[in-house]
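Only one structure is covered here, and it is reproduced in the block below.
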Amino acid sequence: MKPARPAQRAAVNSSAQHVFDVLRTVSAAAEPPGVSDIGRRLGLTGSNVFRALTTLEASGYVSRFRNLPQFELGTMPYLLNRALLNRFELTLASRPFLRALAQQSGETVSLNVRLGWYSLRVSGVYGSQDIYHRDRLGELALLHQALPGRAVLVSMSDAELAGMARFLTGIVHEWPGGEAWAVLRETLRASAATGFLAEPLPMSPGFSAIGIPVRDQSGAAIASITINGPVFPAANIGALLAVRDQLEAMIHADPQRFVSPFAHLPPERIVLQMPGRQAVP
Amino acid sequence: MHQTKPSNFQNREQNKAMARILMVLSSFASSRPDFGISELSQHLGMTKNMVHRAIKTLVEQDYVMRDSTGQRYQLGFRVLELQNAAAPEPSFRALCAPALQDIHAITGETVSLTVRALDYSVFIDGIETRKPAVWRLQIGALRPLHANATGHVFLSCETDAEVAAYIARHEHDASPAPDEACNAARLWQDIADIRRRGYAANLRPGLVPMTALAFPIWDAAQSVHGVLSVGGPKERFEPQLPGLLADILAIIEALCQRSRLYAAHAAGSEITL
């Protein structure tokens with residue numbers, strides 16, 4: 001993916017830019033990189049990279065990997081991510097509902113919120129099954145790329161879907177292709193009638209993971225609940241929808257409380273380099 | 001707001017302007033949702049102009065942004081890029097390590113970190129003083145909750161009914177020393193003092209009387225992750241305390257701003273970063 005580089009990002013002075021680029025390179029690397037790896041990747045001298053790493057290390061943003069001259073993310077980025085997830089009121093408020101679903105299903109239940117054209121996992125609870133699906137807080141994906149986001153798309157209008165298509169083609173260059181997009185839209189149309197999305201699990205033949213949109217008082221999906229793992233007989237889906245209805249009732253009773261901290265931004269303003277992919281210097 | 005001070009070597013090598021920018025960004029790793037420039041300036045001891053320049057850089061990077069009112073600053077969405085799925089989430093011990101080092105550096109006394117295991121406290125980390133007359137730190141050692149200031153802090157964070165149930169379980173326990181027995185009246189008095197003050201300040205009698213402070217490290221759900229303690233011989237430590245207490249409390253408050261981002265009892269039941 002080649003994310004857009006809004007013009008104002010270029011205004012940062014070059015020294016600060018080097019430090020941020022080094023931080024993002026450490027964050028995105030599959031293996032903890034060393035000074036020369038980072039320098040090669042960013043086109044910086046060893047001394048520039050070393051100085052940036054020293055600054056980042058002293059501030060807790062990177063740390064040495066097993067006392068080797070290689071670096072990984074430090075404690076501070078994790079704390080910042082935690083703080084950001086907690087800014088979504090649904091993170092804490094949804095836990096009792098997720099716990100109830102995890103107890104009923106025995107599976108991993110999580111809540112993803114909509115963030116522009118992305119979905120972001122902000123909360124989750126494990127069920128009681130011995131074999132379970134491991135999810136991760138902070139996981140990001142474009143809405144069409146994974147079940148939590150596709151569950152949000154279920155309740156989107158054609159005009160909104162067209163807006164997302166423009167974002168995928170024009171800004172992040174992640175267009176899945178016309179045929180795949182048409183198949184997705186067909187699936188979403190079929191799911192709109194049931195109010196949830198069921199997707200087969202490759203490792204559990206005959207079972208599905210389930211994604212359920214969570215809507216605000218205007219009917220717009222602001223989040224989704226997903227249940228991952230060989231779930232629930234289909235006959236019990238009513239119990240899942242009942243828990244979703246309780247969560248929606250809580251949101252409708254106090255809508256201002258559950259507004260996203262980024263709701264004041266137009267969705268196309270939010271452009272993210274996915275964690276785990278190579279940073280763009 | 002407390003920040004870890006870099007060593008002399010790091011001071012020489014690091015980009016000082018950038019260190020200030022990162023210090024401002026780190027302020028947002030807190031249970032507070034947003035900040036104004038004046039608040040940051042006051043907390044960090046920087047001029048408003050310095051904070052303003054740092055915020056401008058962070059806004060340009062989308063790590064910080066104006067909130068919906070346009071008056072205050074909140075974390076920006078681009079912080080989400082700073083994740084690595086392959087790395088484990090930092091432990092409570094790692095979170096507290098800088099605070100242990102800082103309190104040890106300003107007091108010169110033994111500092112320790114404990115967590116609760118059923119009716120015991122367990123030492124999981126600490127730094128021993130280099131001075132004579134040392135409060136021994138035994139990593140892994142268990143102490144009944146009624147036996148020391150650390151345990152009393154854990155009990156003070158429980159409901160009265162839970163404290164009463166604890167006392168019922170332990171008031172007839174055999175004790176190696178009279179001051180370590182489960183004395184209900186003394187325990188209730190200590191718990192009331194800790195709840196009023198916010199931390200324990202105890203004197204342990206003996207051949208070398210010892211003074212200890214013990215602070216609860218709070219989590220996101222008003223429960224505690226653990227207790228951070230500092231203590232030393234009364235003759236040596238008490239005269240220092242009036243001049244140090246404000247700094248120690250500032251370090252603890254900064255640590256709790258971060259420890260409140262986590263739930264203490266989520267391990268194994270809730271998904272993590």
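Ordered as shown in the structure tokens, chains take letters A, B, and onward, while each chain numbers its residues from 1 and ligands are numbered from 1 in the order shown.
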Using only C-alpha atoms, which residues of chain A come within 7 Å of chain B, and what is the closest atom pair for each, with the distance in Å to one decimal? Give it as a Markdown table, sorted by chain and residue number.
```
| residue | atom | partner | partner_atom | distance |
| --- | --- | --- | --- | --- |
| A:Gln8 | CA | B:Glu60 | CA | 5.8 |
| A:Arg9 | CA | B:Glu60 | CA | 4.9 |
| A:Val12 | CA | B:Thr57 | CA | 5.9 |
| A:Ala16 | CA | B:Met18 | CA | 6.1 |
| A:Arg24 | CA | B:Leu82 | CA | 6.6 |
| A:Ser27 | CA | B:Leu82 | CA | 5.6 |
| A:Ala28 | CA | B:Asn84 | CA | 6.8 |
| A:Arg51 | CA | B:Gln14 | CA | 5.5 |
| A:Ala52 | CA | B:Gln14 | CA | 6.9 |
| A:Thr54 | CA | B:Gln14 | CA | 5.6 |
| A:Thr55 | CA | B:Gln14 | CA | 4.6 |
| A:Ala58 | CA | B:Pro6 | CA | 5.7 |
| A:Ser59 | CA | B:Leu22 | CA | 6.7 |
| A:Thr75 | CA | B:Pro90 | CA | 6.1 |
| A:Met76 | CA | B:Ser26 | CA | 6.9 |
| A:Pro77 | CA | B:Leu82 | CA | 5.9 |
| A:Leu79 | CA | B:Ala29 | CA | 5.4 |
| A:Leu80 | CA | B:Ala29 | CA | 4.6 |
| A:Asn81 | CA | B:Leu80 | CA | 6.1 |
| A:Arg82 | CA | B:Leu261 | CA | 6.2 |
| A:Ala83 | CA | B:Ala29 | CA | 5.5 |
| A:Leu84 | CA | B:Leu75 | CA | 6.4 |
| A:Arg87 | CA | B:Pro33 | CA | 6.4 |
| A:Gly124 | CA | B:Ile271 | CA | 5.2 |
| A:Val125 | CA | B:Glu270 | CA | 4.3 |
| A:Tyr126 | CA | B:Ser269 | CA | 5.3 |
| A:Asp135 | CA | B:Ile271 | CA | 6.3 |
| A:Arg136 | CA | B:Leu273 | CA | 5.3 |
| A:Leu137 | CA | B:Leu273 | CA | 4.3 |
| A:Gly138 | CA | B:Leu273 | CA | 6.0 |
| A:His264 | CA | B:Ser68 | CA | 5.8 |
| A:Leu272 | CA | B:Arg78 | CA | 6.4 |
| A:Gln273 | CA | B:Glu81 | CA | 6.1 |
| A:Met274 | CA | B:Glu81 | CA | 6.1 |
| A:Pro275 | CA | B:Glu81 | CA | 5.1 |
| A:Gly276 | CA | B:Asn84 | CA | 6.1 |
```
(message) Run DSSP on the backbone and tell me which residues of range 83-225 of chain B come out as helix (DSSP H, G or I); list them as a ChimeraX atom specification.
(response) /B:92-107,145-147,149-156,160-170,178-180,184-197
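If you measure from each of B:His225, B:Tyr73, B:Ile55, B:Asp219 to Ser121 in chain B using only C-alpha atoms, the closest one turns out to be B:His225.
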Mind checking which residues fall within 8 Å of Ile217 in chain B, counting only C-alpha atoms, ignoring those fewer than 2 positions away in the same chain, and posting them as a PDB file with C-alpha atoms, in the first residue's frame?
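Now in out.pdb:
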```
ATOM      1  CA  PHE B 215       1.820   3.086  47.315  1.00  0.00           C
ATOM      2  CA  ASP B 219      -5.524  -0.138  37.275  1.00  0.00           C
ATOM      3  CA  VAL B 224      -4.638  -2.514  41.941  1.00  0.00           C
ATOM      4  CA  HIS B 225      -1.909  -4.058  39.811  1.00  0.00           C
ATOM      5  CA  GLY B 226       0.509  -4.072  42.728  1.00  0.00           C
ATOM      6  CA  VAL B 227       2.241  -2.005  45.374  1.00  0.00           C
ATOM      7  CA  LEU B 228       5.456  -0.019  45.098  1.00  0.00           C
ATOM      8  CA  ILE B 252       3.804   7.557  41.645  1.00  0.00           C
ATOM      9  CA  LEU B 255       3.113   5.902  36.948  1.00  0.00           C
ATOM     10  CA  CYS B 256      -0.575   5.544  37.877  1.00  0.00           C
ATOM     11  CA  SER B 259      -1.045   1.879  34.913  1.00  0.00           C
TER      12      SER B 259
END
```
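The interatomic distance for the pair CA of Val115 in chain B and CA of Asp130 in chain A works out to 27.7 Å.
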(request) Skip range 208-225 of chain A itself and residues of its chain fewer than 4 positions away, then list as a ChimeraX atom specification all residues within 7 Å of it, counting only C-alpha atoms. (result) /A:110-114,147-148,151-152,155,195-201,229-231,244,248,251-252
Selection export as a PDB file, in the first residue's frame, atoms kept: N, CA and C atoms:
```pdb
ATOM      1  N   SER A 110     -15.151 -10.051  19.974  1.00  0.00           N
ATOM      2  CA  SER A 110     -14.462  -8.767  20.016  1.00  0.00           C
ATOM      3  C   SER A 110     -15.312  -7.665  19.415  1.00  0.00           C
ATOM      4  N   LEU A 111     -14.942  -6.448  19.766  1.00  0.00           N
ATOM      5  CA  LEU A 111     -15.643  -5.274  19.248  1.00  0.00           C
ATOM      6  C   LEU A 111     -14.658  -4.446  18.433  1.00  0.00           C
ATOM      7  N   ASN A 112     -15.044  -4.152  17.212  1.00  0.00           N
ATOM      8  CA  ASN A 112     -14.262  -3.260  16.349  1.00  0.00           C
ATOM      9  C   ASN A 112     -15.063  -1.995  16.117  1.00  0.00           C
ATOM     10  N   VAL A 113     -14.398  -0.849  16.160  1.00  0.00           N
ATOM     11  CA  VAL A 113     -15.094   0.399  15.850  1.00  0.00           C
ATOM     12  C   VAL A 113     -14.708   0.832  14.442  1.00  0.00           C
ATOM     13  N   ARG A 114     -15.563   1.659  13.852  1.00  0.00           N
ATOM     14  CA  ARG A 114     -15.242   2.225  12.546  1.00  0.00           C
ATOM     15  C   ARG A 114     -14.349   3.444  12.754  1.00  0.00           C
ATOM     16  N   LEU A 147     -13.549  -9.567   8.350  1.00  0.00           N
ATOM     17  CA  LEU A 147     -14.940  -9.724   8.785  1.00  0.00           C
ATOM     18  C   LEU A 147     -15.466  -8.545   9.617  1.00  0.00           C
ATOM     19  N   PRO A 148     -14.709  -8.012  10.603  1.00  0.00           N
ATOM     20  CA  PRO A 148     -15.287  -6.911  11.395  1.00  0.00           C
ATOM     21  C   PRO A 148     -15.673  -5.707  10.536  1.00  0.00           C
ATOM     22  N   ALA A 151     -18.706  -6.455   8.315  1.00  0.00           N
ATOM     23  CA  ALA A 151     -19.958  -6.385   9.089  1.00  0.00           C
ATOM     24  C   ALA A 151     -20.447  -4.941   9.179  1.00  0.00           C
ATOM     25  N   VAL A 152     -19.508  -3.996   9.242  1.00  0.00           N
ATOM     26  CA  VAL A 152     -19.891  -2.572   9.234  1.00  0.00           C
ATOM     27  C   VAL A 152     -20.476  -2.203   7.874  1.00  0.00           C
ATOM     28  N   SER A 155     -24.454  -2.456   6.662  1.00  0.00           N
ATOM     29  CA  SER A 155     -25.541  -1.474   6.785  1.00  0.00           C
ATOM     30  C   SER A 155     -25.222  -0.160   6.058  1.00  0.00           C
ATOM     31  N   GLY A 195     -29.215  -9.167   8.905  1.00  0.00           N
ATOM     32  CA  GLY A 195     -28.655  -8.260   9.914  1.00  0.00           C
ATOM     33  C   GLY A 195     -27.306  -8.713  10.430  1.00  0.00           C
ATOM     34  N   PHE A 196     -26.766  -9.787   9.890  1.00  0.00           N
ATOM     35  CA  PHE A 196     -25.414 -10.213  10.298  1.00  0.00           C
ATOM     36  C   PHE A 196     -24.728 -10.905   9.132  1.00  0.00           C
ATOM     37  N   LEU A 197     -23.424 -11.083   9.278  1.00  0.00           N
ATOM     38  CA  LEU A 197     -22.619 -11.678   8.217  1.00  0.00           C
ATOM     39  C   LEU A 197     -21.997 -12.965   8.771  1.00  0.00           C
ATOM     40  N   ALA A 198     -22.170 -14.057   8.047  1.00  0.00           N
ATOM     41  CA  ALA A 198     -21.544 -15.318   8.463  1.00  0.00           C
ATOM     42  C   ALA A 198     -20.517 -15.710   7.416  1.00  0.00           C
ATOM     43  N   GLU A 199     -19.290 -15.987   7.858  1.00  0.00           N
ATOM     44  CA  GLU A 199     -18.241 -16.343   6.904  1.00  0.00           C
ATOM     45  C   GLU A 199     -17.613 -17.673   7.301  1.00  0.00           C
ATOM     46  N   PRO A 200     -17.472 -18.591   6.348  1.00  0.00           N
ATOM     47  CA  PRO A 200     -16.913 -19.914   6.666  1.00  0.00           C
ATOM     48  C   PRO A 200     -15.503 -19.801   7.237  1.00  0.00           C
ATOM     49  N   LEU A 201     -15.193 -20.703   8.156  1.00  0.00           N
ATOM     50  CA  LEU A 201     -13.854 -20.719   8.762  1.00  0.00           C
ATOM     51  C   LEU A 201     -13.024 -21.797   8.083  1.00  0.00           C
ATOM     52  N   GLY A 229     -14.343 -18.439  15.715  1.00  0.00           N
ATOM     53  CA  GLY A 229     -14.141 -19.789  16.219  1.00  0.00           C
ATOM     54  C   GLY A 229     -15.314 -20.601  15.737  1.00  0.00           C
ATOM     55  N   PRO A 230     -15.269 -21.911  15.892  1.00  0.00           N
ATOM     56  CA  PRO A 230     -16.404 -22.719  15.466  1.00  0.00           C
ATOM     57  C   PRO A 230     -17.583 -22.426  16.383  1.00  0.00           C
ATOM     58  N   VAL A 231     -18.453 -21.566  15.924  1.00  0.00           N
ATOM     59  CA  VAL A 231     -19.463 -21.034  16.818  1.00  0.00           C
ATOM     60  C   VAL A 231     -20.741 -21.818  16.816  1.00  0.00           C
ATOM     61  N   ARG A 244     -26.583  -7.796  21.061  1.00  0.00           N
ATOM     62  CA  ARG A 244     -26.290  -6.625  20.236  1.00  0.00           C
ATOM     63  C   ARG A 244     -27.347  -5.541  20.460  1.00  0.00           C
ATOM     64  N   GLU A 248     -26.853  -1.678  21.602  1.00  0.00           N
ATOM     65  CA  GLU A 248     -27.381  -0.538  20.826  1.00  0.00           C
ATOM     66  C   GLU A 248     -28.290   0.334  21.692  1.00  0.00           C
ATOM     67  N   ILE A 251     -26.224   2.667  23.614  1.00  0.00           N
ATOM     68  CA  ILE A 251     -25.680   3.745  22.761  1.00  0.00           C
ATOM     69  C   ILE A 251     -26.772   4.777  22.454  1.00  0.00           C
ATOM     70  N   HIS A 252     -27.967   4.304  22.143  1.00  0.00           N
ATOM     71  CA  HIS A 252     -29.051   5.230  21.774  1.00  0.00           C
ATOM     72  C   HIS A 252     -29.477   6.079  22.972  1.00  0.00           C
TER      73      HIS A 252
END
```
(request) Show which residues sit within 10 Å of range 148-159 of chain B, as a PyMOL selection string. Count only C-alpha atoms, and ignore same-chain residues fewer than 2 positions away. (result) chain B and resi 112-116+119-123+143-146+161-166+179-181+187-188+190-195+198-204+211-218+222-230
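From CA of Val259 in chain A back to CA of Val243 in chain A, the distance works out to 20.3 Å.
Minimum distance to Glu139 in chain A across A:Leu85, A:Val183, A:Ala159, A:Ala102 (counting only C-alpha atoms) occurs at A:Leu85.
CA of Arg134 in chain A is positioned 27.9 Å from CA of Val172 in chain A.
Nearest to Cys96 in chain B of all the residues B:Ala264, B:Ala254, B:Val24, B:His172 is B:Ala254, counting only C-alpha atoms.
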(request) Enumerate, as a ChimeraX atom specification, the complete set of residues in range 147-261 of chain A that a backbone-based DSSP assignment places in strand (DSSP E or B). (result) /A:197-201,204-215,221-228
Restricting it to C-alpha atoms, dump the selection as a short mmCIF file (atom, residue, chain, number, x, y, z; two decimals), in the first residue's frame.
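Contents of out_8.cif, freshly written:
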```cif
data_model
loop_
_atom_site.label_atom_id
_atom_site.label_comp_id
_atom_site.auth_asym_id
_atom_site.auth_seq_id
_atom_site.Cartn_x
_atom_site.Cartn_y
_atom_site.Cartn_z
CA LEU A 197 -22.62 -11.68 8.22
CA ALA A 198 -21.54 -15.32 8.46
CA GLU A 199 -18.24 -16.34 6.90
CA PRO A 200 -16.91 -19.91 6.67
CA LEU A 201 -13.85 -20.72 8.76
CA SER A 204 -13.33 -25.52 10.89
CA PRO A 205 -15.31 -26.97 7.99
CA GLY A 206 -19.03 -26.52 8.44
CA PHE A 207 -18.71 -23.65 10.91
CA SER A 208 -18.78 -19.89 10.47
CA ALA A 209 -17.48 -16.78 12.17
CA ILE A 210 -20.17 -14.16 12.65
CA GLY A 211 -20.03 -10.36 12.32
CA ILE A 212 -22.88 -8.17 13.54
CA PRO A 213 -23.08 -4.42 12.88
CA VAL A 214 -23.71 -2.10 15.86
CA ARG A 215 -25.64 1.02 14.84
CA ALA A 221 -22.91 1.32 11.78
CA ILE A 222 -20.31 2.69 14.19
CA ALA A 223 -18.91 -0.67 15.24
CA SER A 224 -19.28 -4.41 14.87
CA ILE A 225 -19.25 -7.43 17.12
CA THR A 226 -17.44 -10.50 15.83
CA ILE A 227 -17.51 -14.02 17.16
CA ASN A 228 -14.60 -16.09 15.95
#
```
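Near range 140-142 of chain A, within a cut-off of 6 Å and counting only C-alpha atoms, sit the residues Trp117, Tyr118, Ser119 and Leu120 of chain A, with same-chain residues fewer than 6 positions away left out.
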